[in-house]
file upload.cif (mmCIF, C-alpha atoms and all ligand atoms)
data_my_file
loop_
_atom_site.group_PDB
_atom_site.id
_atom_site.type_symbol
_atom_site.label_atom_id
_atom_site.label_comp_id
_atom_site.auth_asym_id
_atom_site.auth_seq_id
_atom_site.Cartn_x
_atom_site.Cartn_y
_atom_site.Cartn_z
ATOM 1 C CA MET A 1 98.228 -16.282 -138.537
ATOM 2 C CA LEU A 2 97.481 -14.578 -135.208
ATOM 3 C CA ARG A 3 95.853 -11.143 -134.867
ATOM 4 C CA ILE A 4 97.969 -9.219 -132.366
ATOM 5 C CA THR A 5 97.100 -5.760 -130.995
ATOM 6 C CA GLU A 6 100.360 -5.191 -129.161
ATOM 7 C CA ILE A 7 103.297 -6.935 -127.514
ATOM 8 C CA PHE A 8 104.892 -4.942 -124.710
ATOM 9 C CA GLY A 9 107.115 -5.161 -121.666
ATOM 10 C CA PRO A 10 108.810 -6.213 -119.618
ATOM 11 C CA THR A 11 106.480 -4.551 -117.148
ATOM 12 C CA ILE A 12 104.887 -5.733 -113.929
ATOM 13 C CA GLN A 13 101.725 -7.785 -113.833
ATOM 14 C CA GLY A 14 99.286 -5.249 -112.394
ATOM 15 C CA GLU A 15 96.421 -7.547 -111.440
ATOM 16 C CA GLY A 16 95.554 -10.684 -109.548
ATOM 17 C CA ALA A 17 97.472 -13.753 -108.472
ATOM 18 C CA VAL A 18 100.993 -12.723 -109.473
ATOM 19 C CA ILE A 19 100.680 -8.956 -109.062
ATOM 20 C CA GLY A 20 104.083 -7.314 -109.203
ATOM 21 C CA ALA A 21 105.748 -10.090 -111.166
ATOM 22 C CA PRO A 22 107.840 -9.098 -114.223
ATOM 23 C CA THR A 23 106.052 -10.082 -117.427
ATOM 24 C CA VAL A 24 105.742 -9.417 -121.150
ATOM 25 C CA PHE A 25 102.196 -8.919 -122.459
ATOM 26 C CA VAL A 26 100.860 -10.294 -125.715
ATOM 27 C CA ARG A 27 97.516 -8.618 -126.396
ATOM 28 C CA ALA A 28 95.440 -10.550 -128.913
ATOM 29 C CA GLY A 29 92.999 -8.728 -131.206
ATOM 30 C CA GLY A 30 89.280 -9.527 -131.144
ATOM 31 C CA CYS A 31 86.703 -10.359 -128.487
ATOM 32 C CA ASP A 32 83.365 -12.157 -128.387
ATOM 33 C CA TYR A 33 82.268 -9.779 -125.592
ATOM 34 C CA ARG A 34 81.973 -6.027 -125.452
ATOM 35 C CA CYS A 35 81.923 -5.082 -121.787
ATOM 36 C CA SER A 36 80.456 -1.634 -121.113
ATOM 37 C CA TRP A 37 83.567 -0.658 -119.149
ATOM 38 C CA CYS A 38 86.307 -2.510 -121.087
ATOM 39 C CA ASP A 39 89.713 -0.866 -120.618
ATOM 40 C CA SER A 40 91.141 -2.490 -123.778
ATOM 41 C CA LEU A 41 88.674 -1.507 -126.495
ATOM 42 C CA HIS A 42 91.528 -0.996 -128.956
ATOM 43 C CA ALA A 43 91.823 -4.812 -128.863
ATOM 44 C CA VAL A 44 88.068 -5.398 -129.057
ATOM 45 C CA ASP A 45 86.390 -2.975 -131.454
ATOM 46 C CA THR A 46 86.655 -4.187 -135.017
ATOM 47 C CA GLU A 47 87.050 -0.571 -136.142
ATOM 48 C CA HIS A 48 90.621 -0.931 -134.818
ATOM 49 C CA ARG A 49 91.207 -4.122 -136.760
ATOM 50 C CA HIS A 50 93.455 -2.384 -139.283
ATOM 51 C CA THR A 51 95.915 -1.614 -136.451
ATOM 52 C CA TRP A 52 96.244 -5.277 -135.426
ATOM 53 C CA ALA A 53 99.298 -7.085 -136.784
ATOM 54 C CA LYS A 54 99.069 -10.474 -138.481
ATOM 55 C CA MET A 55 101.895 -12.539 -137.060
ATOM 56 C CA ASP A 56 102.734 -16.210 -137.065
ATOM 57 C CA SER A 57 103.549 -17.988 -133.811
ATOM 58 C CA ALA A 58 107.318 -17.823 -134.368
ATOM 59 C CA ASP A 59 107.126 -14.016 -134.920
ATOM 60 C CA VAL A 60 105.116 -13.564 -131.732
ATOM 61 C CA PHE A 61 107.563 -15.545 -129.640
ATOM 62 C CA ALA A 62 110.568 -13.874 -131.300
ATOM 63 C CA GLU A 63 109.215 -10.474 -130.177
ATOM 64 C CA VAL A 64 108.686 -11.781 -126.621
ATOM 65 C CA GLU A 65 112.240 -13.099 -126.645
ATOM 66 C CA ARG A 66 113.603 -9.794 -127.962
ATOM 67 C CA LEU A 67 111.753 -7.717 -125.340
ATOM 68 C CA SER A 68 112.817 -10.011 -122.488
ATOM 69 C CA GLY A 69 116.415 -10.099 -123.701
ATOM 70 C CA GLY A 70 116.222 -13.862 -124.025
ATOM 71 C CA THR A 71 115.796 -14.367 -120.275
ATOM 72 C CA PRO A 72 112.779 -16.562 -119.513
ATOM 73 C CA LEU A 73 109.851 -15.071 -117.601
ATOM 74 C CA THR A 74 106.093 -15.545 -117.429
ATOM 75 C CA VAL A 75 104.363 -14.213 -120.551
ATOM 76 C CA SER A 76 100.839 -12.794 -120.078
ATOM 77 C CA LEU A 77 98.430 -13.599 -122.912
ATOM 78 C CA SER A 78 95.504 -11.153 -122.813
ATOM 79 C CA GLY A 79 93.340 -9.255 -125.258
ATOM 80 C CA GLY A 80 90.595 -9.082 -126.331
ATOM 81 C CA ASN A 81 89.825 -12.715 -125.742
ATOM 82 C CA PRO A 82 93.005 -14.671 -126.532
ATOM 83 C CA ALA A 83 91.000 -17.917 -126.502
ATOM 84 C CA ILE A 84 89.440 -16.963 -129.852
ATOM 85 C CA GLN A 85 92.760 -17.821 -131.487
ATOM 86 C CA ASP A 86 95.176 -20.751 -131.300
ATOM 87 C CA PHE A 87 98.140 -19.888 -129.090
ATOM 88 C CA SER A 88 99.257 -23.501 -128.639
ATOM 89 C CA ASP A 89 102.306 -23.115 -130.912
ATOM 90 C CA VAL A 90 103.456 -19.901 -129.188
ATOM 91 C CA ILE A 91 103.131 -21.644 -125.828
ATOM 92 C CA ALA A 92 104.967 -24.788 -126.983
ATOM 93 C CA LEU A 93 107.776 -22.731 -128.512
ATOM 94 C CA GLY A 94 108.124 -20.590 -125.400
ATOM 95 C CA LYS A 95 108.015 -23.493 -122.988
ATOM 96 C CA SER A 96 110.765 -25.252 -124.925
ATOM 97 C CA LYS A 97 112.924 -22.197 -124.090
ATOM 98 C CA GLY A 98 111.950 -22.002 -120.424
ATOM 99 C CA TYR A 99 109.181 -19.384 -120.621
ATOM 100 C CA ASP A 100 105.848 -19.811 -118.810
ATOM 101 C CA PHE A 101 102.471 -18.566 -120.005
ATOM 102 C CA ALA A 102 99.575 -17.042 -118.091
ATOM 103 C CA LEU A 103 96.328 -16.272 -119.936
ATOM 104 C CA GLU A 104 93.391 -13.997 -119.097
ATOM 105 C CA THR A 105 89.967 -14.807 -120.465
ATOM 106 C CA GLN A 106 86.330 -14.262 -119.584
ATOM 107 C CA GLY A 107 85.694 -18.005 -119.840
ATOM 108 C CA SER A 108 83.435 -18.085 -122.874
ATOM 109 C CA ILE A 109 85.633 -20.311 -125.093
ATOM 110 C CA ALA A 110 87.455 -23.433 -123.844
ATOM 111 C CA ARG A 111 90.708 -24.616 -125.433
ATOM 112 C CA GLU A 112 92.564 -27.902 -124.948
ATOM 113 C CA TRP A 113 95.832 -26.011 -124.542
ATOM 114 C CA PHE A 114 94.554 -24.280 -121.369
ATOM 115 C CA SER A 115 96.203 -27.277 -119.633
ATOM 116 C CA GLU A 116 99.623 -25.801 -120.631
ATOM 117 C CA LEU A 117 99.042 -22.516 -118.762
ATOM 118 C CA ALA A 118 100.482 -21.304 -115.465
ATOM 119 C CA PRO A 119 98.047 -19.917 -114.478
ATOM 120 C CA LEU A 120 94.746 -19.740 -116.358
ATOM 121 C CA ILE A 121 93.002 -16.600 -115.095
ATOM 122 C CA LEU A 122 89.246 -16.791 -115.498
ATOM 123 C CA SER A 123 87.440 -13.481 -115.183
ATOM 124 C CA PRO A 124 83.655 -14.017 -115.322
ATOM 125 C CA LYS A 125 81.836 -10.797 -116.047
ATOM 126 C CA PRO A 126 79.426 -9.249 -113.519
ATOM 127 C CA PRO A 127 76.075 -7.592 -114.414
ATOM 128 C CA SER A 128 77.598 -4.093 -114.854
ATOM 129 C CA SER A 129 79.485 -5.409 -117.901
ATOM 130 C CA GLY A 130 76.211 -5.925 -119.780
ATOM 131 C CA HIS A 131 76.960 -9.630 -120.317
ATOM 132 C CA VAL A 132 75.384 -12.765 -118.872
ATOM 133 C CA VAL A 133 77.782 -15.628 -118.135
ATOM 134 C CA ASP A 134 77.100 -18.966 -119.836
ATOM 135 C CA TRP A 135 78.146 -21.234 -116.957
ATOM 136 C CA ASP A 136 78.273 -24.359 -119.136
ATOM 137 C CA LYS A 137 80.939 -22.699 -121.272
ATOM 138 C CA PHE A 138 82.697 -21.386 -118.182
ATOM 139 C CA ASP A 139 82.724 -24.870 -116.624
ATOM 140 C CA ALA A 140 84.250 -26.198 -119.857
ATOM 141 C CA CYS A 141 87.145 -23.755 -119.423
ATOM 142 C CA VAL A 142 87.770 -24.913 -115.842
ATOM 143 C CA LYS A 143 87.687 -28.506 -117.050
ATOM 144 C CA ALA A 144 90.017 -27.830 -120.004
ATOM 145 C CA ALA A 145 92.642 -26.478 -117.608
ATOM 146 C CA GLY A 146 92.781 -29.856 -115.877
ATOM 147 C CA GLU A 147 95.709 -29.895 -113.478
ATOM 148 C CA ALA A 148 96.948 -26.465 -114.580
ATOM 149 C CA GLU A 149 96.744 -23.773 -111.923
ATOM 150 C CA THR A 150 93.474 -21.859 -112.362
ATOM 151 C CA VAL A 151 92.319 -18.721 -110.557
ATOM 152 C CA LEU A 152 89.239 -16.501 -110.531
ATOM 153 C CA LYS A 153 89.471 -12.727 -110.884
ATOM 154 C CA ILE A 154 86.252 -10.765 -110.640
ATOM 155 C CA VAL A 155 85.831 -7.033 -111.331
ATOM 156 C CA ILE A 156 83.318 -5.283 -109.072
ATOM 157 C CA PHE A 157 81.743 -1.900 -109.752
ATOM 158 C CA ASP A 158 78.724 -1.750 -107.419
ATOM 159 C CA ASP A 159 76.573 -3.571 -104.841
ATOM 160 C CA THR A 160 74.892 -5.702 -107.515
ATOM 161 C CA ASP A 161 78.275 -6.857 -108.852
ATOM 162 C CA TYR A 162 79.422 -7.601 -105.306
ATOM 163 C CA ALA A 163 76.445 -9.864 -104.565
ATOM 164 C CA TRP A 164 76.892 -11.541 -107.965
ATOM 165 C CA ALA A 165 80.631 -12.098 -107.325
ATOM 166 C CA LYS A 166 79.879 -13.911 -104.068
ATOM 167 C CA ASP A 167 77.487 -16.284 -105.851
ATOM 168 C CA ALA A 168 79.888 -16.796 -108.763
ATOM 169 C CA ALA A 169 82.807 -17.535 -106.424
ATOM 170 C CA ALA A 170 80.669 -19.991 -104.434
ATOM 171 C CA ARG A 171 80.425 -22.134 -107.571
ATOM 172 C CA TYR A 172 84.205 -22.690 -107.498
ATOM 173 C CA PRO A 173 85.266 -22.987 -103.838
ATOM 174 C CA GLN A 174 88.427 -24.818 -104.971
ATOM 175 C CA LEU A 175 89.773 -21.854 -107.004
ATOM 176 C CA PRO A 176 91.865 -19.046 -105.479
ATOM 177 C CA LEU A 177 89.853 -15.830 -105.705
ATOM 178 C CA TYR A 178 90.856 -12.254 -106.485
ATOM 179 C CA ILE A 179 88.493 -9.296 -106.593
ATOM 180 C CA GLN A 180 89.362 -5.893 -108.005
ATOM 181 C CA PRO A 181 87.432 -2.618 -108.159
ATOM 182 C CA GLY A 182 86.476 -1.427 -111.632
ATOM 183 C CA ASN A 183 88.189 1.532 -113.270
ATOM 184 C CA HIS A 184 85.158 3.694 -114.082
ATOM 185 C CA THR A 185 87.348 5.954 -116.263
ATOM 186 C CA PRO A 186 88.796 3.483 -118.799
ATOM 187 C CA PRO A 187 90.519 4.947 -121.859
ATOM 188 C CA SER A 188 88.254 5.710 -124.773
ATOM 189 C CA ALA A 189 89.083 3.617 -127.818
ATOM 190 C CA ASP A 190 90.566 6.507 -129.784
ATOM 191 C CA GLU A 191 92.408 8.309 -127.045
ATOM 192 C CA ASP A 192 96.012 8.084 -125.986
ATOM 193 C CA ASP A 193 95.043 10.269 -123.049
ATOM 194 C CA ALA A 194 96.226 8.427 -119.924
ATOM 195 C CA ALA A 195 94.213 10.548 -117.452
ATOM 196 C CA VAL A 196 92.162 8.690 -114.841
ATOM 197 C CA ASP A 197 89.997 9.777 -111.932
ATOM 198 C CA MET A 198 92.574 8.599 -109.378
ATOM 199 C CA ASP A 199 90.603 9.870 -106.360
ATOM 200 C CA GLY A 200 87.559 7.993 -107.590
ATOM 201 C CA ILE A 201 89.615 4.826 -108.159
ATOM 202 C CA MET A 202 91.029 5.002 -104.620
ATOM 203 C CA ASP A 203 87.545 5.649 -103.199
ATOM 204 C CA ARG A 204 86.210 2.546 -104.960
ATOM 205 C CA TYR A 205 89.089 0.426 -103.744
ATOM 206 C CA GLU A 206 88.430 1.551 -100.169
ATOM 207 C CA TRP A 207 84.699 0.928 -100.646
ATOM 208 C CA LEU A 208 85.369 -2.632 -101.837
ATOM 209 C CA ILE A 209 87.725 -3.383 -98.926
ATOM 210 C CA ASP A 210 85.293 -1.965 -96.358
ATOM 211 C CA LYS A 211 82.335 -3.798 -97.822
ATOM 212 C CA THR A 212 84.102 -7.163 -98.072
ATOM 213 C CA LEU A 213 85.500 -7.022 -94.551
ATOM 214 C CA ALA A 214 82.253 -5.769 -92.979
ATOM 215 C CA ASP A 215 80.529 -8.681 -94.696
ATOM 216 C CA LYS A 216 83.107 -11.095 -93.207
ATOM 217 C CA TRP A 217 83.832 -12.419 -96.702
ATOM 218 C CA TYR A 218 87.386 -13.518 -96.050
ATOM 219 C CA SER A 219 88.160 -15.784 -99.013
ATOM 220 C CA PRO A 220 89.124 -13.248 -101.715
ATOM 221 C CA LYS A 221 92.302 -11.231 -101.989
ATOM 222 C CA ILE A 222 91.197 -7.631 -102.623
ATOM 223 C CA LEU A 223 93.596 -5.956 -105.057
ATOM 224 C CA PRO A 224 93.756 -2.716 -107.080
ATOM 225 C CA GLN A 225 94.959 -2.531 -110.676
ATOM 226 C CA LEU A 226 98.515 -1.664 -109.670
ATOM 227 C CA HIS A 227 99.510 -0.535 -113.167
ATOM 228 C CA VAL A 228 96.646 1.982 -113.177
ATOM 229 C CA LEU A 229 97.810 3.421 -109.843
ATOM 230 C CA ILE A 230 101.279 3.937 -111.343
ATOM 231 C CA TRP A 231 100.614 4.810 -114.983
ATOM 232 C CA GLY A 232 96.908 5.678 -115.202
ATOM 233 C CA ASN A 233 95.389 4.607 -118.523
ATOM 234 C CA LYS A 234 98.683 4.676 -120.424
ATOM 235 C CA ARG A 235 98.881 1.986 -123.069
ATOM 236 C CA GLY A 236 101.665 -0.559 -123.358
ATOM 237 C CA VAL A 237 102.511 -0.756 -119.651
HETATM 238 C C1 LIG A 301 90.972 -6.372 -120.898
HETATM 239 S S1 LIG A 301 90.614 -7.976 -120.225
HETATM 240 C C2 LIG A 301 91.259 -9.062 -121.485
HETATM 241 C C3 LIG A 301 91.096 -10.534 -121.163
HETATM 242 C C4 LIG A 301 89.685 -11.114 -121.212
HETATM 243 N N1 LIG A 301 88.914 -10.602 -122.296
HETATM 244 C C5 LIG A 301 88.976 -10.870 -119.892
HETATM 245 O O1 LIG A 301 88.109 -10.002 -119.835
HETATM 246 O O2 LIG A 301 89.302 -11.561 -118.935
HETATM 247 C C6 LIG A 301 91.804 -8.172 -118.898
HETATM 248 C C7 LIG A 301 91.266 -7.936 -117.510
HETATM 249 O O3 LIG A 301 90.945 -6.558 -117.367
HETATM 250 C C8 LIG A 301 89.749 -6.448 -116.630
HETATM 251 N N2 LIG A 301 89.153 -5.143 -116.909
HETATM 252 C C9 LIG A 301 88.717 -4.693 -118.099
HETATM 253 N N3 LIG A 301 88.225 -3.440 -117.996
HETATM 254 C C10 LIG A 301 88.346 -3.090 -116.691
HETATM 255 C C11 LIG A 301 88.012 -1.921 -115.950
HETATM 256 N N4 LIG A 301 87.429 -0.844 -116.542
HETATM 257 N N5 LIG A 301 88.293 -1.906 -114.625
HETATM 258 C C12 LIG A 301 88.868 -2.983 -114.021
HETATM 259 N N6 LIG A 301 89.219 -4.110 -114.662
HETATM 260 C C13 LIG A 301 88.956 -4.170 -115.987
HETATM 261 C C14 LIG A 301 88.926 -7.613 -117.141
HETATM 262 O O4 LIG A 301 87.841 -7.932 -116.300
HETATM 263 C C15 LIG A 301 89.971 -8.709 -117.178
HETATM 264 O O5 LIG A 301 90.070 -9.299 -115.898
HETATM 265 N N1 LIG A 302 100.720 -3.996 -116.179
HETATM 266 C C1 LIG A 302 99.590 -4.516 -116.641
HETATM 267 N N2 LIG A 302 98.960 -5.479 -115.941
HETATM 268 C C2 LIG A 302 97.836 -6.037 -116.471
HETATM 269 N N3 LIG A 302 97.112 -7.056 -115.972
HETATM 270 C C3 LIG A 302 96.109 -7.354 -116.837
HETATM 271 C C4 LIG A 302 96.197 -6.507 -117.925
HETATM 272 C C5 LIG A 302 95.338 -6.667 -119.129
HETATM 273 O O1 LIG A 302 95.023 -5.691 -119.805
HETATM 274 O O2 LIG A 302 94.971 -7.820 -119.426
HETATM 275 C C6 LIG A 302 97.281 -5.652 -117.706
HETATM 276 C C7 LIG A 302 97.941 -4.586 -118.429
HETATM 277 O O3 LIG A 302 97.532 -4.115 -119.485
HETATM 278 N N4 LIG A 302 99.078 -4.083 -117.860
HETATM 279 S S1 LIG A 303 85.786 -9.680 -122.201
HETATM 280 FE FE1 LIG A 303 87.699 -8.638 -121.657
HETATM 281 S S2 LIG A 303 88.521 -7.751 -123.567
HETATM 282 FE FE2 LIG A 303 86.425 -8.462 -124.007
HETATM 283 S S3 LIG A 303 85.209 -6.619 -123.768
HETATM 284 FE FE3 LIG A 303 85.194 -7.638 -121.741
HETATM 285 S S4 LIG A 303 86.950 -6.812 -120.570
HETATM 286 FE FE4 LIG A 303 87.194 -6.216 -122.738
HETATM 287 MG MG MG A 304 94.367 -3.952 -118.829
#

call {"tool": "encode", "arguments": {"input": "upload.cif", "output": "structure tokens", "more": "lines below"}}
Ligand SMILES: C[S@@+](CC[C@H](N)C(=O)[O-])C[C@H]1O[C@@H](n2cnc3c(N)ncnc32)[C@H](O)[C@@H]1O
Ligand SMILES: Nc1nc2[nH]cc(C(=O)O)c2c(=O)[nH]1
Ligand code: SF4
Ligand SMILES: [Mg+2]
result
Amino acid sequence: MLRITEIFGPTIQGEGAVIGAPTVFVRAGGCDYRCSWCDSLHAVDTEHRHTWAKMDSADVFAEVERLSGGTPLTVSLSGGNPAIQDFSDVIALGKSKGYDFALETQGSIAREWFSELAPLILSPKPPSSGHVVDWDKFDACVKAAGEAETVLKIVIFDDTDYAWAKDAAARYPQLPLYIQPGNHTPPSADEDDAAVDMDGIMDRYEWLIDKTLADKWYSPKILPQLHVLIWGNKRGV
């Protein structure tokens, strides 16, 4: 049985490599991290566990199929950390019907089935998160992906994160790189209040662009969280 926080869409992928692409999200419940600024605490904090559904792989894919009207698209597996659980059957079922699967993870747990993803999005956490990356475990995730497309997406809140992101990215010169400014007003775990400090978010995006360009760091694509610009902190979009 899989612990699922929510399945929603179709919406657009708001972040990273395939920003703007239609997708259905499957948000897994549970995470081995607890980032200070996590925007998905309802999928992380165990106090919300009672709201997570227990579904088998066929139920999960049936809901994806229902939401997408049976027309194949790329499904986004996120969380929480979806790598805690075994999504190999969901992926196999979906692929047999023409669906593709992207997955977002911090890179703390490697899974053999990462090689089935398109793409694997690895998002190592900078110092502001409060976590320290275990690079051996992270390397194992890159290795598990094998030939599958793999990209790096790093969230940056401040100068320390920026310097850290450059070092982290330098470890993987072969991987396409995306950087995004942090949302410093993530939803609180209990709130359905979608309000965000939009001016502050835009200021941080401009700060990150200016800083990266002035530094002549030309390898990353610098992207906002598009869904936050449109819908703020609203859930299920
Ligand atoms: C909620 S996480 C779930 C997947 C996985 N646990 C991870 O962190 O990659 C999805 C993405 O949202 C990013 N994210 C989380 N909170 C954020 C915030 N406050 N501002 C910007 N990005 C955030 C994460 O860094 C990650 O890239
Ligand atoms: N539209 C939209 N794009 C996203 N990209 C990554 C998300 C996530 O929470 O993993 C996310 C999300 O929650 N919604
Ligand atoms: S790793 Fe991802 S889901 Fe887990 S706490 Fe950090 S941002 Fe949230
Ligand atoms: Mg999100």

call {"tool": "closest_residue", "arguments": {"input": "upload.cif", "among": "A:Ala168, A:Asp215, A:Glu206, A:Ser128", "to": "Cys38 of chain A", "atoms": "all atoms listed in the file"}}
result
A:Ser128

call {"tool": "closest_residue", "arguments": {"input": "upload.cif", "among": "A:Ile4, A:Met202, A:Val155, A:Leu120", "to": "ligand LIG 303 (chain A)", "atoms": "all atoms listed in the file"}}
result
A:Val155

call {"tool": "atom_distance", "arguments": {"input": "upload.cif", "atom1": "atom CA of Asp210 of chain A", "atom2": "atom CA of Ile154 of chain A"}}
result
16.8 Å

call {"tool": "atom_distance", "arguments": {"input": "upload.cif", "atom1": "atom CA of Pro187 of chain A", "atom2": "atom N3 of ligand LIG 301 (chain A)"}}
result
9.5 Å

call {"tool": "atom_distance", "arguments": {"input": "upload.cif", "atom1": "atom CA of Lys95 of chain A", "atom2": "atom CA of Leu117 of chain A"}}
result
10.0 Å

call {"tool": "resolve_selection", "arguments": {"input": "upload.cif", "expression": "the PyMOL selection byres (((chain A and resi 184) around 12) and not hetatm)", "output": "PyMOL selection string"}}
result
chain A and resi 36-39+128-129+155-158+181-183+185-188+195-205+228+232-233

call {"tool": "residues_near_ligand", "arguments": {"input": "upload.cif", "ligand": "ligand MG 304 (chain A)", "cutoff": "10 Å", "atoms": "all atoms listed in the file", "output": "NGL selection string"}}
result
:A and (13-15 or 25 or 27 or 38-41 or 78-80 or 183 or 186 or 225 or 227-228 or 233-237)

call {"tool": "closest_residue", "arguments": {"input": "upload.cif", "among": "A:His50, A:Lys166, A:Arg3, A:Arg34", "to": "Gly130 of chain A", "atoms": "all atoms listed in the file"}}
result
A:Arg34

call {"tool": "resolve_selection", "arguments": {"input": "upload.cif", "expression": "the PyMOL selection byres (((chain A and resi 55) around 7) and not hetatm)", "output": "mmCIF file with C-alpha atoms, keeping the file's coordinate frame"}}
result
data_model
loop_
_atom_site.group_PDB
_atom_site.id
_atom_site.type_symbol
_atom_site.label_atom_id
_atom_site.label_comp_id
_atom_site.auth_asym_id
_atom_site.auth_seq_id
_atom_site.Cartn_x
_atom_site.Cartn_y
_atom_site.Cartn_z
ATOM 1 C CA MET A 1 98.228 -16.282 -138.537
ATOM 2 C CA LEU A 2 97.481 -14.578 -135.208
ATOM 3 C CA ARG A 3 95.853 -11.143 -134.867
ATOM 4 C CA ILE A 4 97.969 -9.219 -132.366
ATOM 5 C CA ALA A 53 99.298 -7.085 -136.784
ATOM 6 C CA LYS A 54 99.069 -10.474 -138.481
ATOM 7 C CA ASP A 56 102.734 -16.210 -137.065
ATOM 8 C CA SER A 57 103.549 -17.988 -133.811
ATOM 9 C CA ASP A 59 107.126 -14.016 -134.920
ATOM 10 C CA VAL A 60 105.116 -13.564 -131.732
#

call {"tool": "residues_around", "arguments": {"input": "upload.cif", "residues": "Ala170 of chain A", "least_positions_apart": "6", "cutoff": "12 Å", "atoms": "only C-alpha atoms", "output": "list in words"}}
result
Leu152, Ala163, Trp164, Pro176, Leu177, Trp217, Ser219 and Pro220 of chain A

call {"tool": "resolve_selection", "arguments": {"input": "upload.cif", "expression": "the PyMOL selection byres (((chain A and resi 77) around 12) and not hetatm)", "output": "MDAnalysis selection string"}}
result
chainID A and resid 4:8 13 23:29 60:61 64 74:76 78:88 90:91 100:105 114 117:121

call {"tool": "decode", "arguments": {"input": "upload.cif", "residues": "segment 5-18 of chain A", "atoms": "N, CA and C atoms", "output": "short mmCIF file (atom, residue, chain, number, x, y, z; two decimals), in the first residue's frame"}}
result
data_model
loop_
_atom_site.label_atom_id
_atom_site.label_comp_id
_atom_site.auth_asym_id
_atom_site.auth_seq_id
_atom_site.Cartn_x
_atom_site.Cartn_y
_atom_site.Cartn_z
N THR A 5 -0.74 11.69 -0.25
CA THR A 5 -1.30 12.93 0.31
C THR A 5 -2.38 13.50 -0.60
N GLU A 6 -2.07 13.54 -1.89
CA GLU A 6 -3.05 14.08 -2.84
C GLU A 6 -2.64 13.69 -4.26
N ILE A 7 -3.65 13.59 -5.11
CA ILE A 7 -3.43 13.41 -6.55
C ILE A 7 -4.24 14.51 -7.21
N PHE A 8 -3.58 15.36 -8.01
CA PHE A 8 -4.31 16.49 -8.58
C PHE A 8 -3.81 16.84 -9.98
N GLY A 9 -4.68 17.53 -10.72
CA GLY A 9 -4.35 17.97 -12.06
C GLY A 9 -5.49 17.64 -13.00
N PRO A 10 -5.26 17.73 -14.30
CA PRO A 10 -4.03 18.27 -14.88
C PRO A 10 -3.82 19.72 -14.51
N THR A 11 -2.53 20.06 -14.32
CA THR A 11 -2.12 21.44 -14.12
C THR A 11 -0.84 21.59 -14.93
N ILE A 12 -0.16 22.73 -14.74
CA ILE A 12 1.14 22.85 -15.42
C ILE A 12 2.25 22.56 -14.42
N GLN A 13 3.31 21.96 -14.90
CA GLN A 13 4.51 21.82 -14.09
C GLN A 13 5.06 23.22 -13.86
N GLY A 14 5.17 23.61 -12.60
CA GLY A 14 5.55 24.99 -12.28
C GLY A 14 7.04 25.21 -12.11
N GLU A 15 7.83 24.14 -12.10
CA GLU A 15 9.25 24.29 -11.77
C GLU A 15 10.14 23.51 -12.74
N GLY A 16 11.32 24.05 -12.96
CA GLY A 16 12.41 23.27 -13.54
C GLY A 16 12.31 22.94 -15.01
N ALA A 17 12.88 21.77 -15.34
CA ALA A 17 13.19 21.39 -16.72
C ALA A 17 12.00 21.46 -17.68
N VAL A 18 10.83 21.05 -17.22
CA VAL A 18 9.69 21.02 -18.15
C VAL A 18 8.60 21.99 -17.70
#
